[in-house]
Amino acid sequence: MSQLKIEMQQRWNNNATSYDNAEAHGINNPWAIKRWKGLFSNKCGETLLDVGCGTGFVTVLAAQAGLAVTALDWSESMMAQAKEKVRAAHMSVTFVQGDIDALPFKDDTFQNVSARHVIWTLTDPMTSFKEWYRVLRPGGTSLADYSPRKGAIVACHYSLEIEKQLPFNKDIPSATIVNMLEEAGFGAVHVDERSHTHPKTATEEESIHTIYQFTATK
């Protein structure tokens, strides 16, 4: 693993317990919950790999919808939070620690791959997209979202030095990501653009939050 990735991984290991408290992470956002529930509404009984599962937002919703979930993250501390949620809900999920750019699974393993709040953190997006494609079964679906960064890059999650090295940590058009998914092998890439208002908090002004939801088929 590169030094850049090691530093990013350590950041999440050190801050996992406070992740769910941030308004921008949308853990208790009814709009985000409804959106992801809708994506899983007709997938009961299917397999899902939740890459960059974090504290388990998508993992739990997918398991509740009846999917057989494997959750992967490179941060043990973040996965510990997800595991606790799964235990509290009396559900069964397989957890695997691993690198999103080198998934520890055979080709054609899963019917679905999900990635929430992951694309902006990718250090090598094309490698990640090709890995998602590789582990999907033919006809399988990738479900991923992306929020374009508006304005100047600031050190919100990582150091400023790290954030400047992340290729999608800026205002990237959805068409750019669609083109890359297609280059990685995906067909029938659909993007749904939605916006909602982030309320004012102690540290942030009220803002309009745009999110692109990508659905891509192998």
# chains A, B, ... in the order shown; residues from 1 in each chain; ligands from 1
$ select_by_dssp --residues "range 72-141 of chain A" --states "strand (DSSP E)" --output "PyMOL selection string"
chain A and resi 72-73+94-97+110-115+136-141
$ closest_atom_pairs --of "range 114-137 of chain A" --to "range 44-51 of chain A" --cutoff "12 Å" --atoms "only C-alpha atoms" --output "CSV"
residue,atom,partner,partner_atom,distance
A:Ser114,CA,A:Asp50,CA,4.7
A:Ala115,CA,A:Val51,CA,5.4
A:Arg116,CA,A:Val51,CA,8.1
A:His117,CA,A:Val51,CA,10.1
A:Val118,CA,A:Val51,CA,8.0
A:Ile119,CA,A:Val51,CA,10.4
A:Leu122,CA,A:Val51,CA,11.6
A:Ser128,CA,A:Val51,CA,10.0
A:Phe129,CA,A:Val51,CA,11.2
A:Glu131,CA,A:Val51,CA,10.5
A:Trp132,CA,A:Val51,CA,8.7
A:Tyr133,CA,A:Leu49,CA,11.6
A:Val135,CA,A:Leu49,CA,8.9
A:Leu136,CA,A:Leu49,CA,8.9
A:Arg137,CA,A:Thr47,CA,10.0
$ write_last_selection --atoms "all heavy atoms" --output "short mmCIF file (atom, residue, chain, number, x, y, z; two decimals), in the first residue's frame"
data_model
loop_
_atom_site.label_atom_id
_atom_site.label_comp_id
_atom_site.auth_asym_id
_atom_site.auth_seq_id
_atom_site.Cartn_x
_atom_site.Cartn_y
_atom_site.Cartn_z
N SER A 114 -21.74 -1.97 -4.21
CA SER A 114 -22.17 -0.62 -3.81
C SER A 114 -20.97 0.16 -3.27
O SER A 114 -20.03 -0.40 -2.71
CB SER A 114 -23.26 -0.69 -2.73
OG SER A 114 -22.79 -1.36 -1.57
N ALA A 115 -21.04 1.50 -3.46
CA ALA A 115 -19.98 2.38 -2.97
C ALA A 115 -20.59 3.73 -2.65
O ALA A 115 -20.89 4.52 -3.55
CB ALA A 115 -18.87 2.51 -4.01
N ARG A 116 -20.80 4.00 -1.38
CA ARG A 116 -21.37 5.28 -0.95
C ARG A 116 -20.28 6.16 -0.36
O ARG A 116 -19.51 5.74 0.49
CB ARG A 116 -22.47 5.06 0.10
CG ARG A 116 -23.07 6.36 0.62
CD ARG A 116 -24.14 6.10 1.67
NE ARG A 116 -24.79 7.34 2.10
CZ ARG A 116 -24.47 8.00 3.21
NH1 ARG A 116 -23.53 7.55 4.02
NH2 ARG A 116 -25.12 9.12 3.52
N HIS A 117 -20.22 7.40 -0.82
CA HIS A 117 -19.23 8.37 -0.35
C HIS A 117 -17.80 7.83 -0.52
O HIS A 117 -16.94 8.05 0.33
CB HIS A 117 -19.47 8.73 1.11
CG HIS A 117 -20.73 9.51 1.34
ND1 HIS A 117 -21.07 10.04 2.56
CD2 HIS A 117 -21.74 9.87 0.50
CE1 HIS A 117 -22.22 10.67 2.48
NE2 HIS A 117 -22.66 10.58 1.22
N VAL A 118 -17.58 7.12 -1.61
CA VAL A 118 -16.28 6.49 -1.86
C VAL A 118 -15.55 7.12 -3.04
O VAL A 118 -14.33 7.33 -2.99
CB VAL A 118 -16.46 4.97 -2.10
CG1 VAL A 118 -15.17 4.34 -2.63
CG2 VAL A 118 -16.89 4.27 -0.83
N ILE A 119 -16.28 7.42 -4.12
CA ILE A 119 -15.62 7.85 -5.35
C ILE A 119 -14.68 9.03 -5.13
O ILE A 119 -13.58 9.08 -5.68
CB ILE A 119 -16.66 8.15 -6.44
CG1 ILE A 119 -17.30 6.84 -6.94
CG2 ILE A 119 -16.04 8.90 -7.61
CD1 ILE A 119 -18.35 7.03 -8.02
N LEU A 122 -11.07 8.09 -4.00
CA LEU A 122 -10.25 7.16 -4.77
C LEU A 122 -8.94 7.81 -5.21
O LEU A 122 -8.92 8.91 -5.75
CB LEU A 122 -11.02 6.66 -5.99
CG LEU A 122 -12.32 5.90 -5.71
CD1 LEU A 122 -13.01 5.53 -7.01
CD2 LEU A 122 -12.05 4.65 -4.87
N SER A 128 -9.95 1.21 -9.47
CA SER A 128 -11.08 0.85 -8.61
C SER A 128 -12.28 0.41 -9.44
O SER A 128 -12.89 -0.63 -9.15
CB SER A 128 -11.48 2.04 -7.73
OG SER A 128 -10.42 2.46 -6.92
N PHE A 129 -12.60 1.16 -10.48
CA PHE A 129 -13.75 0.82 -11.33
C PHE A 129 -13.54 -0.54 -11.99
O PHE A 129 -14.48 -1.34 -12.11
CB PHE A 129 -13.97 1.88 -12.38
CG PHE A 129 -14.38 3.23 -11.84
CD1 PHE A 129 -14.28 4.37 -12.63
CD2 PHE A 129 -14.87 3.36 -10.55
CE1 PHE A 129 -14.66 5.61 -12.13
CE2 PHE A 129 -15.24 4.60 -10.04
CZ PHE A 129 -15.14 5.73 -10.84
N GLU A 131 -11.82 -3.01 -10.81
CA GLU A 131 -11.98 -4.03 -9.78
C GLU A 131 -13.45 -4.30 -9.50
O GLU A 131 -13.86 -5.45 -9.32
CB GLU A 131 -11.25 -3.60 -8.50
CG GLU A 131 -9.77 -3.88 -8.49
CD GLU A 131 -9.50 -5.38 -8.49
OE1 GLU A 131 -9.45 -5.98 -7.40
OE2 GLU A 131 -9.34 -5.97 -9.58
N TRP A 132 -14.26 -3.25 -9.44
CA TRP A 132 -15.70 -3.45 -9.24
C TRP A 132 -16.27 -4.28 -10.38
O TRP A 132 -17.07 -5.20 -10.14
CB TRP A 132 -16.43 -2.10 -9.17
CG TRP A 132 -15.94 -1.18 -8.09
CD1 TRP A 132 -15.01 -1.46 -7.11
CD2 TRP A 132 -16.34 0.17 -7.87
NE1 TRP A 132 -14.82 -0.36 -6.32
CE2 TRP A 132 -15.62 0.65 -6.75
CE3 TRP A 132 -17.24 1.02 -8.52
CZ2 TRP A 132 -15.78 1.96 -6.27
CZ3 TRP A 132 -17.40 2.32 -8.04
CH2 TRP A 132 -16.67 2.77 -6.93
N TYR A 133 -15.85 -3.95 -11.59
CA TYR A 133 -16.32 -4.69 -12.76
C TYR A 133 -15.88 -6.15 -12.70
O TYR A 133 -16.66 -7.06 -12.99
CB TYR A 133 -15.77 -4.03 -14.03
CG TYR A 133 -16.23 -4.67 -15.31
CD1 TYR A 133 -17.44 -4.33 -15.90
CD2 TYR A 133 -15.45 -5.65 -15.94
CE1 TYR A 133 -17.86 -4.92 -17.08
CE2 TYR A 133 -15.87 -6.25 -17.11
CZ TYR A 133 -17.07 -5.89 -17.68
OH TYR A 133 -17.48 -6.49 -18.85
N VAL A 135 -15.20 -8.17 -10.15
CA VAL A 135 -15.84 -9.06 -9.17
C VAL A 135 -17.34 -9.21 -9.37
O VAL A 135 -17.97 -10.05 -8.73
CB VAL A 135 -15.55 -8.60 -7.72
CG1 VAL A 135 -14.05 -8.57 -7.47
CG2 VAL A 135 -16.18 -7.25 -7.42
N LEU A 136 -17.92 -8.39 -10.25
CA LEU A 136 -19.34 -8.53 -10.56
C LEU A 136 -19.59 -9.70 -11.50
O LEU A 136 -18.80 -9.97 -12.41
CB LEU A 136 -19.87 -7.26 -11.22
CG LEU A 136 -20.36 -6.13 -10.32
CD1 LEU A 136 -20.69 -4.91 -11.16
CD2 LEU A 136 -21.57 -6.54 -9.49
N ARG A 137 -20.71 -10.37 -11.31
CA ARG A 137 -21.14 -11.40 -12.25
C ARG A 137 -21.65 -10.72 -13.52
O ARG A 137 -22.11 -9.57 -13.48
CB ARG A 137 -22.27 -12.24 -11.65
CG ARG A 137 -21.90 -13.03 -10.42
CD ARG A 137 -23.12 -13.80 -9.91
NE ARG A 137 -22.87 -14.42 -8.61
CZ ARG A 137 -23.81 -15.06 -7.91
NH1 ARG A 137 -25.05 -15.14 -8.40
NH2 ARG A 137 -23.52 -15.58 -6.74
#
$ closest_residue --among "A:Pro148, A:Gly98, A:Gly140, A:Gly66" --to "Asn42 in chain A" --atoms "only C-alpha atoms"
A:Gly66
$ closest_residue --among "A:His157, A:His209, A:Lys164, A:Lys170" --to "Ala16 in chain A" --atoms "only C-alpha atoms"
A:His157
$ closest_residue --among "A:Asn179, A:Gln81, A:Ser142, A:Thr109" --to "Met126 in chain A" --atoms "only C-alpha atoms"
A:Asn179
$ closest_residue --among "A:Asn15, A:Ser2, A:Ser147, A:Thr215" --to "Arg194 in chain A" --atoms "only C-alpha atoms"
A:Ser147
$ closest_residue --among "A:Thr59, A:Ser18, A:Ser174, A:Thr141" --to "Ala71 in chain A" --atoms "only C-alpha atoms"
A:Thr59
$ atom_distance --atom1 "CA of Asp108 in chain A" --atom2 "CA of Pro167 in chain A"
27.8 Å
$ select_by_dssp --residues "range 27-108 of chain A" --states "helix (DSSP H, G or I)" --output "MDAnalysis selection string"
chainID A and resid 30:39 57:64 76:88
$ residues_around --residues "Gln213 in chain A" --least-positions-apart "4" --cutoff "6 Å" --atoms "only C-alpha atoms" --output "PyMOL selection string"
chain A and resi 144-145+191-192
$ residues_around --residues "Glu84 in chain A" --least-positions-apart "4" --cutoff "12 Å" --atoms "only C-alpha atoms" --output "PDB file with N, CA and C atoms, in the first residue's frame"
ATOM      1  N   THR A  17     -15.032   6.703  15.542  1.00  0.00           N
ATOM      2  CA  THR A  17     -16.112   6.840  16.521  1.00  0.00           C
ATOM      3  C   THR A  17     -16.896   8.137  16.358  1.00  0.00           C
ATOM      4  N   THR A  55     -18.902   2.928   8.408  1.00  0.00           N
ATOM      5  CA  THR A  55     -19.603   2.549   9.634  1.00  0.00           C
ATOM      6  C   THR A  55     -20.887   1.774   9.361  1.00  0.00           C
ATOM      7  N   GLY A  56     -21.121   1.416   8.090  1.00  0.00           N
ATOM      8  CA  GLY A  56     -22.181   0.457   7.808  1.00  0.00           C
ATOM      9  C   GLY A  56     -23.509   1.012   7.351  1.00  0.00           C
ATOM     10  N   PHE A  57     -23.549   2.241   6.874  1.00  0.00           N
ATOM     11  CA  PHE A  57     -24.828   2.821   6.438  1.00  0.00           C
ATOM     12  C   PHE A  57     -25.492   1.955   5.374  1.00  0.00           C
ATOM     13  N   THR A  59     -24.421  -1.035   4.295  1.00  0.00           N
ATOM     14  CA  THR A  59     -24.383  -2.431   4.730  1.00  0.00           C
ATOM     15  C   THR A  59     -25.661  -2.826   5.463  1.00  0.00           C
ATOM     16  N   VAL A  60     -26.072  -2.009   6.414  1.00  0.00           N
ATOM     17  CA  VAL A  60     -27.249  -2.314   7.225  1.00  0.00           C
ATOM     18  C   VAL A  60     -28.523  -2.230   6.389  1.00  0.00           C
ATOM     19  N   SER A  77     -11.193   0.164  12.415  1.00  0.00           N
ATOM     20  CA  SER A  77     -12.009   0.937  13.353  1.00  0.00           C
ATOM     21  C   SER A  77     -13.366   1.288  12.766  1.00  0.00           C
ATOM     22  N   MET A  78     -13.388   1.645  11.490  1.00  0.00           N
ATOM     23  CA  MET A  78     -14.672   1.935  10.845  1.00  0.00           C
ATOM     24  C   MET A  78     -15.526   0.677  10.774  1.00  0.00           C
ATOM     25  N   MET A  79     -14.913  -0.445  10.418  1.00  0.00           N
ATOM     26  CA  MET A  79     -15.671  -1.701  10.354  1.00  0.00           C
ATOM     27  C   MET A  79     -16.173  -2.127  11.722  1.00  0.00           C
ATOM     28  N   ALA A  80     -15.444  -1.783  12.765  1.00  0.00           N
ATOM     29  CA  ALA A  80     -15.900  -2.121  14.117  1.00  0.00           C
ATOM     30  C   ALA A  80     -17.223  -1.429  14.416  1.00  0.00           C
ATOM     31  N   ALA A  88     -26.372  -5.250  16.684  1.00  0.00           N
ATOM     32  CA  ALA A  88     -27.532  -4.660  17.358  1.00  0.00           C
ATOM     33  C   ALA A  88     -28.826  -4.947  16.604  1.00  0.00           C
ATOM     34  N   ALA A  89     -28.724  -5.070  15.289  1.00  0.00           N
ATOM     35  CA  ALA A  89     -29.907  -5.337  14.466  1.00  0.00           C
ATOM     36  C   ALA A  89     -30.146  -6.823  14.258  1.00  0.00           C
ATOM     37  N   HIS A  90     -29.289  -7.666  14.857  1.00  0.00           N
ATOM     38  CA  HIS A  90     -29.417  -9.131  14.776  1.00  0.00           C
ATOM     39  C   HIS A  90     -29.409  -9.617  13.329  1.00  0.00           C
ATOM     40  N   MET A  91     -28.457  -9.095  12.560  1.00  0.00           N
ATOM     41  CA  MET A  91     -28.326  -9.473  11.157  1.00  0.00           C
ATOM     42  C   MET A  91     -27.003 -10.213  10.946  1.00  0.00           C
ATOM     43  N   SER A  92     -26.880 -10.810   9.780  1.00  0.00           N
ATOM     44  CA  SER A  92     -25.667 -11.540   9.421  1.00  0.00           C
ATOM     45  C   SER A  92     -25.008 -10.879   8.220  1.00  0.00           C
ATOM     46  N   VAL A  93     -23.760 -10.440   8.386  1.00  0.00           N
ATOM     47  CA  VAL A  93     -22.984  -9.809   7.326  1.00  0.00           C
ATOM     48  C   VAL A  93     -21.561 -10.339   7.400  1.00  0.00           C
ATOM     49  N   PHE A  95     -17.733  -9.555   6.992  1.00  0.00           N
ATOM     50  CA  PHE A  95     -16.843  -8.393   6.964  1.00  0.00           C
ATOM     51  C   PHE A  95     -15.442  -8.817   6.540  1.00  0.00           C
TER      52      PHE A  95
END
$ closest_residue --among "A:Asn29, A:Ala82, A:Val113, A:Arg87" --to "Leu67 in chain A" --atoms "only C-alpha atoms"
A:Val113
$ atom_distance --atom1 "CA of Gly52 in chain A" --atom2 "CA of Thr127 in chain A"
14.7 Å
$ decode --residues "range 122-138 of chain A" --atoms "N, CA and C atoms" --output "short mmCIF file (atom, residue, chain, number, x, y, z; two decimals), in the first residue's frame"
data_model
loop_
_atom_site.label_atom_id
_atom_site.label_comp_id
_atom_site.auth_asym_id
_atom_site.auth_seq_id
_atom_site.Cartn_x
_atom_site.Cartn_y
_atom_site.Cartn_z
N LEU A 122 -11.07 8.09 -4.00
CA LEU A 122 -10.25 7.16 -4.77
C LEU A 122 -8.94 7.81 -5.21
N THR A 123 -7.84 7.09 -5.00
CA THR A 123 -6.54 7.59 -5.46
C THR A 123 -6.27 7.20 -6.90
N ASP A 124 -6.91 6.13 -7.36
CA ASP A 124 -6.74 5.64 -8.73
C ASP A 124 -8.11 5.15 -9.21
N PRO A 125 -8.99 6.06 -9.62
CA PRO A 125 -10.37 5.69 -9.93
C PRO A 125 -10.50 4.58 -10.97
N MET A 126 -9.71 4.61 -12.03
CA MET A 126 -9.86 3.60 -13.07
C MET A 126 -9.55 2.20 -12.53
N THR A 127 -8.52 2.08 -11.71
CA THR A 127 -8.22 0.78 -11.11
C THR A 127 -9.36 0.30 -10.25
N SER A 128 -9.95 1.21 -9.47
CA SER A 128 -11.08 0.85 -8.61
C SER A 128 -12.28 0.41 -9.44
N PHE A 129 -12.60 1.16 -10.48
CA PHE A 129 -13.75 0.82 -11.33
C PHE A 129 -13.54 -0.54 -11.99
N LYS A 130 -12.33 -0.82 -12.43
CA LYS A 130 -12.06 -2.11 -13.07
C LYS A 130 -12.17 -3.26 -12.06
N GLU A 131 -11.82 -3.01 -10.81
CA GLU A 131 -11.98 -4.03 -9.78
C GLU A 131 -13.45 -4.30 -9.50
N TRP A 132 -14.26 -3.25 -9.44
CA TRP A 132 -15.70 -3.45 -9.24
C TRP A 132 -16.27 -4.28 -10.38
N TYR A 133 -15.85 -3.95 -11.59
CA TYR A 133 -16.32 -4.69 -12.76
C TYR A 133 -15.88 -6.15 -12.70
N ARG A 134 -14.64 -6.37 -12.30
CA ARG A 134 -14.09 -7.73 -12.28
C ARG A 134 -14.85 -8.66 -11.35
N VAL A 135 -15.20 -8.17 -10.15
CA VAL A 135 -15.84 -9.06 -9.17
C VAL A 135 -17.34 -9.21 -9.37
N LEU A 136 -17.92 -8.39 -10.25
CA LEU A 136 -19.34 -8.53 -10.56
C LEU A 136 -19.59 -9.70 -11.50
N ARG A 137 -20.71 -10.37 -11.31
CA ARG A 137 -21.14 -11.40 -12.25
C ARG A 137 -21.65 -10.72 -13.52
N PRO A 138 -21.62 -11.40 -14.64
CA PRO A 138 -22.25 -10.85 -15.85
C PRO A 138 -23.71 -10.49 -15.57
#
